[in-house]
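Have a look at work.tsv; it's TSV, C-alpha atoms:
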```
chain	number	residue	atom	x	y	z
A	1	MET	CA	156.39	203.62	-46.37
A	2	ILE	CA	156.78	199.85	-46.06
A	3	LYS	CA	153.01	199.44	-45.71
A	4	ARG	CA	152.47	201.54	-48.84
A	5	ILE	CA	154.89	199.41	-50.89
A	6	PHE	CA	153.28	196.23	-49.57
A	7	PHE	CA	149.83	197.49	-50.49
A	8	THR	CA	151.00	198.47	-53.98
A	9	CYS	CA	152.52	195.05	-54.58
A	10	LEU	CA	149.23	193.44	-53.63
A	11	PHE	CA	147.12	195.91	-55.59
A	12	ILE	CA	148.87	195.81	-58.97
A	13	PRO	CA	148.45	192.06	-59.56
A	14	PHE	CA	144.84	192.36	-58.37
A	15	PHE	CA	144.23	195.25	-60.77
A	16	ILE	CA	145.73	193.40	-63.73
A	17	SER	CA	143.72	190.28	-62.93
A	18	CYS	CA	140.56	192.37	-63.01
A	19	ILE	CA	141.13	193.56	-66.59
A	20	PRO	CA	138.76	191.62	-68.86
A	21	VAL	CA	140.37	189.19	-71.26
A	22	THR	CA	138.81	191.04	-74.19
A	23	ARG	CA	140.45	194.24	-73.00
A	24	ILE	CA	143.86	192.55	-72.84
A	25	SER	CA	143.34	191.23	-76.36
A	26	ARG	CA	142.41	194.72	-77.51
A	27	LEU	CA	145.59	196.14	-75.99
A	28	ALA	CA	147.61	193.57	-77.93
A	29	GLU	CA	145.76	194.37	-81.14
A	30	ILE	CA	146.49	198.09	-81.04
A	31	GLY	CA	150.17	197.59	-80.28
A	32	GLU	CA	152.66	197.85	-83.13
A	33	ASN	CA	153.74	194.62	-84.77
A	34	PRO	CA	157.57	194.49	-84.69
A	35	ALA	CA	157.60	192.14	-87.69
A	36	ALA	CA	155.84	194.79	-89.79
A	37	LEU	CA	158.09	197.75	-88.95
A	38	PRO	CA	161.04	198.74	-91.18
A	39	VAL	CA	164.45	197.99	-89.65
A	40	LYS	CA	167.76	198.51	-91.40
A	41	GLY	CA	170.10	195.53	-91.26
A	42	GLU	CA	173.32	195.69	-89.27
A	43	GLY	CA	176.89	195.72	-90.53
A	44	GLU	CA	178.79	197.21	-93.44
A	45	TRP	CA	178.41	193.97	-95.42
A	46	TRP	CA	174.62	194.29	-95.22
A	47	SER	CA	174.68	197.87	-96.51
A	48	GLN	CA	177.01	196.84	-99.32
A	49	ARG	CA	174.74	193.96	-100.32
A	50	HIS	CA	171.73	196.29	-100.32
A	51	GLN	CA	173.59	198.76	-102.52
A	52	THR	CA	174.65	195.96	-104.87
A	53	ILE	CA	170.98	195.05	-105.27
A	54	VAL	CA	170.00	198.66	-105.94
A	55	ASN	CA	172.76	199.01	-108.53
A	56	SER	CA	171.62	195.83	-110.31
A	57	LEU	CA	168.19	197.33	-111.01
A	58	GLU	CA	169.61	199.02	-114.09
A	59	LYS	CA	168.91	195.89	-116.14
A	60	ASP	CA	165.15	196.43	-115.65
A	61	PRO	CA	164.22	192.91	-114.48
A	62	GLU	CA	161.06	191.06	-115.40
A	63	LEU	CA	161.47	188.93	-112.28
A	64	ILE	CA	162.71	189.84	-108.79
A	65	LEU	CA	163.42	187.45	-105.93
A	66	VAL	CA	162.67	188.95	-102.52
A	67	GLY	CA	163.95	187.15	-99.46
A	68	ASN	CA	166.76	186.07	-97.17
A	69	SER	CA	169.74	183.69	-97.40
A	70	ILE	CA	167.68	181.02	-99.16
A	71	PHE	CA	167.63	183.32	-102.18
A	72	HIS	CA	170.97	185.02	-101.43
A	73	SER	CA	172.74	181.68	-101.79
A	74	LEU	CA	171.56	181.49	-105.41
A	75	ASP	CA	174.58	183.70	-106.07
A	76	ASN	CA	176.88	180.82	-105.12
A	77	GLU	CA	179.10	179.58	-107.92
A	78	ASP	CA	177.45	176.14	-107.99
A	79	ARG	CA	174.00	177.62	-108.75
A	80	LYS	CA	174.90	178.81	-112.26
A	81	GLU	CA	172.83	176.05	-113.83
A	82	VAL	CA	169.73	177.28	-111.98
A	83	TRP	CA	170.25	180.73	-113.48
A	84	GLU	CA	170.90	179.42	-116.96
A	85	LYS	CA	167.84	177.19	-116.96
A	86	TYR	CA	165.28	179.26	-115.07
A	87	LEU	CA	166.33	182.83	-114.21
A	88	ASP	CA	168.55	184.51	-116.79
A	89	GLN	CA	165.74	184.64	-119.35
A	90	TYR	CA	163.85	187.11	-117.14
A	91	HIS	CA	166.84	189.38	-116.37
A	92	THR	CA	166.19	188.33	-112.79
A	93	VAL	CA	167.45	190.43	-109.88
A	94	ASN	CA	168.21	188.48	-106.72
A	95	MET	CA	167.17	190.61	-103.72
A	96	GLY	CA	167.99	188.01	-101.09
A	97	ILE	CA	170.12	189.03	-98.10
A	98	GLY	CA	171.31	186.45	-95.60
A	99	GLY	CA	169.81	186.77	-92.14
A	100	ASP	CA	167.02	189.13	-93.17
A	101	ARG	CA	163.76	189.11	-91.29
A	102	THR	CA	160.53	190.65	-92.56
A	103	GLU	CA	161.38	193.99	-90.97
A	104	ASN	CA	164.70	194.19	-92.84
A	105	VAL	CA	163.02	193.44	-96.16
A	106	ILE	CA	160.42	196.13	-95.50
A	107	TRP	CA	163.20	198.67	-94.91
A	108	ARG	CA	164.91	197.69	-98.15
A	109	LEU	CA	161.72	197.95	-100.17
A	110	GLN	CA	161.17	201.42	-98.78
A	111	ASN	CA	164.75	202.48	-99.43
A	112	GLY	CA	165.65	201.96	-103.05
A	113	SER	CA	165.01	198.32	-103.95
A	114	LEU	CA	161.90	199.05	-106.00
A	115	GLU	CA	162.81	202.33	-107.67
A	116	ASP	CA	162.51	202.78	-111.44
A	117	ILE	CA	161.80	199.14	-112.25
A	118	HIS	CA	158.77	197.44	-113.78
A	119	PRO	CA	159.01	193.69	-113.09
A	120	ARG	CA	156.15	191.53	-114.16
A	121	LEU	CA	156.55	189.26	-111.14
A	122	ALA	CA	158.02	189.29	-107.64
A	123	VAL	CA	158.68	185.94	-105.96
A	124	ILE	CA	158.73	186.28	-102.16
A	125	LEU	CA	160.18	183.78	-99.71
A	126	ILE	CA	160.65	185.23	-96.23
A	127	GLY	CA	159.94	184.51	-92.59
A	128	THR	CA	162.08	181.71	-91.23
A	129	ASN	CA	164.52	184.10	-89.51
A	130	ASN	CA	161.61	185.66	-87.62
A	131	THR	CA	161.13	182.35	-85.82
A	132	ASP	CA	164.81	181.66	-85.14
A	133	GLY	CA	165.35	181.75	-81.39
A	134	ASN	CA	169.02	180.77	-81.65
A	135	HIS	CA	170.25	183.94	-83.36
A	136	TYR	CA	167.57	186.52	-82.53
A	137	LEU	CA	166.08	187.73	-79.25
A	138	ASN	CA	162.63	188.34	-80.70
A	139	ILE	CA	160.57	185.44	-82.08
A	140	SER	CA	157.48	186.38	-84.06
A	141	THR	CA	154.13	184.74	-83.48
A	142	PRO	CA	152.34	183.37	-86.57
A	143	GLU	CA	150.05	186.41	-86.53
A	144	GLU	CA	152.96	188.84	-86.28
A	145	LEU	CA	154.91	187.10	-88.99
A	146	ALA	CA	151.92	186.99	-91.31
A	147	GLY	CA	151.47	190.70	-90.66
A	148	GLY	CA	155.07	191.36	-91.62
A	149	ILE	CA	154.75	189.33	-94.81
A	150	TRP	CA	151.54	191.16	-95.65
A	151	GLU	CA	153.37	194.48	-95.22
A	152	ILE	CA	155.98	193.29	-97.73
A	153	CYS	CA	153.29	192.31	-100.22
A	154	LYS	CA	151.43	195.57	-99.67
A	155	THR	CA	154.57	197.65	-100.17
A	156	ILE	CA	155.37	195.93	-103.46
A	157	ARG	CA	151.80	196.25	-104.70
A	158	GLU	CA	151.67	199.94	-103.78
A	159	LYS	CA	155.03	200.80	-105.36
A	160	LEU	CA	154.64	198.44	-108.32
A	161	PRO	CA	150.88	198.11	-108.94
A	162	GLU	CA	151.37	196.23	-112.23
A	163	THR	CA	153.67	193.63	-110.63
A	164	LYS	CA	152.13	190.33	-109.58
A	165	ILE	CA	153.36	188.48	-106.51
A	166	LEU	CA	154.11	184.78	-106.19
A	167	LEU	CA	154.24	184.22	-102.44
A	168	MET	CA	155.98	181.06	-101.33
A	169	GLY	CA	155.13	179.24	-98.14
A	170	ILE	CA	157.99	179.15	-95.62
A	171	LEU	CA	160.04	176.02	-96.23
A	172	PRO	CA	160.32	173.19	-93.68
A	173	TYR	CA	163.04	173.41	-91.05
A	174	GLY	CA	164.87	170.97	-88.76
A	175	TYR	CA	165.74	167.28	-88.61
A	176	LYS	CA	162.93	166.56	-86.14
A	177	PRO	CA	159.68	168.26	-85.03
A	178	ASN	CA	160.43	171.66	-83.48
A	179	HIS	CA	158.78	174.86	-82.31
A	180	ARG	CA	160.26	177.00	-85.09
A	181	ASP	CA	158.85	174.77	-87.79
A	182	ASN	CA	155.47	174.73	-86.08
A	183	ILE	CA	155.32	178.54	-86.11
A	184	ASN	CA	156.31	178.56	-89.78
A	185	LYS	CA	153.56	176.09	-90.64
A	186	ALA	CA	150.99	178.11	-88.70
A	187	THR	CA	152.14	181.22	-90.56
A	188	ASN	CA	151.68	179.48	-93.89
A	189	ASN	CA	148.10	178.70	-92.93
A	190	LEU	CA	147.54	182.45	-92.60
A	191	ILE	CA	149.42	183.79	-95.60
A	192	LYS	CA	147.89	181.28	-98.02
A	193	ASN	CA	144.72	183.38	-97.79
A	194	PHE	CA	146.32	186.66	-98.92
A	195	ALA	CA	144.92	186.20	-102.41
A	196	GLU	CA	141.47	186.77	-100.94
A	197	LYS	CA	142.57	190.30	-100.01
A	198	ASP	CA	144.49	191.06	-103.21
A	199	SER	CA	144.00	189.20	-106.49
A	200	GLY	CA	147.52	190.21	-107.52
A	201	ILE	CA	148.96	187.84	-104.91
A	202	HIS	CA	149.32	184.14	-105.72
A	203	TYR	CA	150.36	181.60	-103.08
A	204	ILE	CA	152.38	178.46	-103.69
A	205	GLU	CA	153.51	175.75	-101.27
A	206	ILE	CA	156.46	173.61	-102.36
A	207	GLY	CA	157.85	172.53	-98.99
A	208	GLN	CA	156.93	168.91	-99.61
A	209	ILE	CA	159.69	168.51	-102.20
A	210	TYR	CA	162.25	168.81	-99.39
A	211	LEU	CA	160.80	166.00	-97.29
A	212	ASP	CA	161.85	162.36	-97.38
A	213	ALA	CA	159.57	159.31	-97.26
A	214	GLU	CA	159.24	159.70	-93.48
A	215	GLY	CA	158.15	163.32	-93.75
A	216	LYS	CA	161.47	164.65	-92.43
A	217	VAL	CA	163.67	167.28	-94.07
A	218	ASN	CA	165.87	165.56	-96.65
A	219	LYS	CA	169.52	166.21	-95.79
A	220	GLN	CA	170.51	165.46	-99.38
A	221	LEU	CA	168.64	168.61	-100.44
A	222	MET	CA	169.04	170.73	-97.30
A	223	PRO	CA	172.33	169.74	-95.62
A	224	ASP	CA	171.76	172.10	-92.66
A	225	TYR	CA	167.98	171.39	-92.61
A	226	LEU	CA	167.30	174.98	-93.65
A	227	HIS	CA	169.08	176.03	-96.87
A	228	PRO	CA	168.63	174.20	-100.17
A	229	ASN	CA	171.89	173.16	-101.81
A	230	ALA	CA	172.44	173.37	-105.58
A	231	LYS	CA	170.21	170.35	-106.20
A	232	GLY	CA	167.60	171.73	-103.81
A	233	HIS	CA	167.53	175.05	-105.64
A	234	MET	CA	167.18	173.31	-108.97
A	235	LEU	CA	164.16	171.45	-107.61
A	236	MET	CA	162.77	174.71	-106.22
A	237	PHE	CA	162.65	176.47	-109.56
A	238	GLN	CA	161.53	173.34	-111.33
A	239	ALA	CA	158.53	173.38	-108.97
A	240	LEU	CA	157.98	177.13	-109.50
A	241	ASP	CA	158.57	177.19	-113.25
A	242	ASP	CA	155.03	176.64	-114.53
A	243	GLU	CA	153.57	179.26	-112.20
A	244	ILE	CA	156.30	181.79	-113.01
A	245	LEU	CA	155.75	181.27	-116.73
A	246	ARG	CA	151.99	181.63	-116.37
A	247	LEU	CA	152.10	184.80	-114.29
A	248	ILE	CA	154.72	186.53	-116.41
A	249	ALA	CA	152.84	185.67	-119.60
A	250	GLU	CA	149.53	187.07	-118.36
```

File written out as structure tokens:
Amino acid sequence: MIKRIFFTCLFIPFFISCIPVTRISRLAEIGENPAALPVKGEGEWWSQRHQTIVNSLEKDPELILVGNSIFHSLDNEDRKEVWEKYLDQYHTVNMGIGGDRTENVIWRLQNGSLEDIHPRLAVILIGTNNTDGNHYLNISTPEELAGGIWEICKTIREKLPETKILLMGILPYGYKPNHRDNINKATNNLIKNFAEKDSGIHYIEIGQIYLDAEGKVNKQLMPDYLHPNAKGHMLMFQALDDEILRLIAE
């Protein structure tokens, strides 16, 4: 029995080492991408927020904002000016939920968030929580994350074929160079090409407005190096305004 176990322990590593690299790559390719699978968020507060979003669809928005806490925080009291200047005119529905990853957004889009509405434009900003190793066990690779973002775009385009998409690049993160930000940047290099697969998708990169003269995240606009404050949100929609106007008018 001991000899058999010893032989097995020697054989398994040998067997794995003999699998061609191309075969290993193929095995990875056919596996399911966790960032592209629908997952319901946890907690009663999450379900309540989702239901609040679904209930708000009654105003038949021209513009919807699809994302995480970066959009969710637009509901803060000190963001009223952003709404008055840039969002109210489109009967905008804010579909941001704090902490959401791509898989949570996919679940929401498949479970009521897109029913009986006809928006002209969906602005999407999602992905930074997929690369957060401090609060989540699973960190997405750039390829996985891009796949999850593509699934979001595809779901919107299938359910709302007349709705255009303005896809934002993931915003910069951190007060110094870090792995999370590197994954986000690599993801942006992938998702910026989505327009080649679907002409209804338009990509925009505005991350530079949050950087200081040294190329670091500006704490005056992102106090926690992740979430724009009121001034940061005003700059966001100032940067998006021309493109939103153009796409809604088309």

Answer as a list in words, residues within 8 Å of (162.0, 186.1, -112.8) using all atoms listed in the file: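 The answer, in the requested form, is Pro61, Glu62, Leu63, Ile64, Leu65, Tyr86, Leu87, Asp88, Gln89, Tyr90, His91, Thr92, Val93, Leu121, Ala122, Val123 and Ile244 of chain A.
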
Length of the atom CA of A:Met222 to atom CA of A:Arg49 vector [Å]: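 According to the coordinates, atom CA of A:Met222 and atom CA of A:Arg49 are separated by 24.1 Å.
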
Distance of atom CA of A:Leu74 from atom CA of A:Gly147, expressed in Å to one decimal place: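 Value for the atom CA of A:Gly147-atom CA of A:Leu74 distance: 26.6 Å.
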
Polymer residues at most 8 Å from stretch 131-143 of chain A, only C-alpha atoms, same-chain spacing of 4 or more positions, as number ranges by chain: A: 35, 127, 147, 180, 183-184, 186-187, 190

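Pairwise distance (atom CA of A:Ala249, atom CA of A:Gly200) equals 14.0 Å.
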
Neighbour list for A:Asn229 as a PyMOL selection string, cut-off 10 Å, all atoms listed in the file, skip fewer than 6 positions in-chain: chain A and resi 70+73-74+76+78-79+219-223+235

Residue neighbourhood A:Phe71, 8 Å, all atoms listed in the file, exclusion window fewer than 6 positions, as a list in words: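 That gives Leu65, Asn94, Met95, Gly96, Ile97 and Leu125 of chain A.
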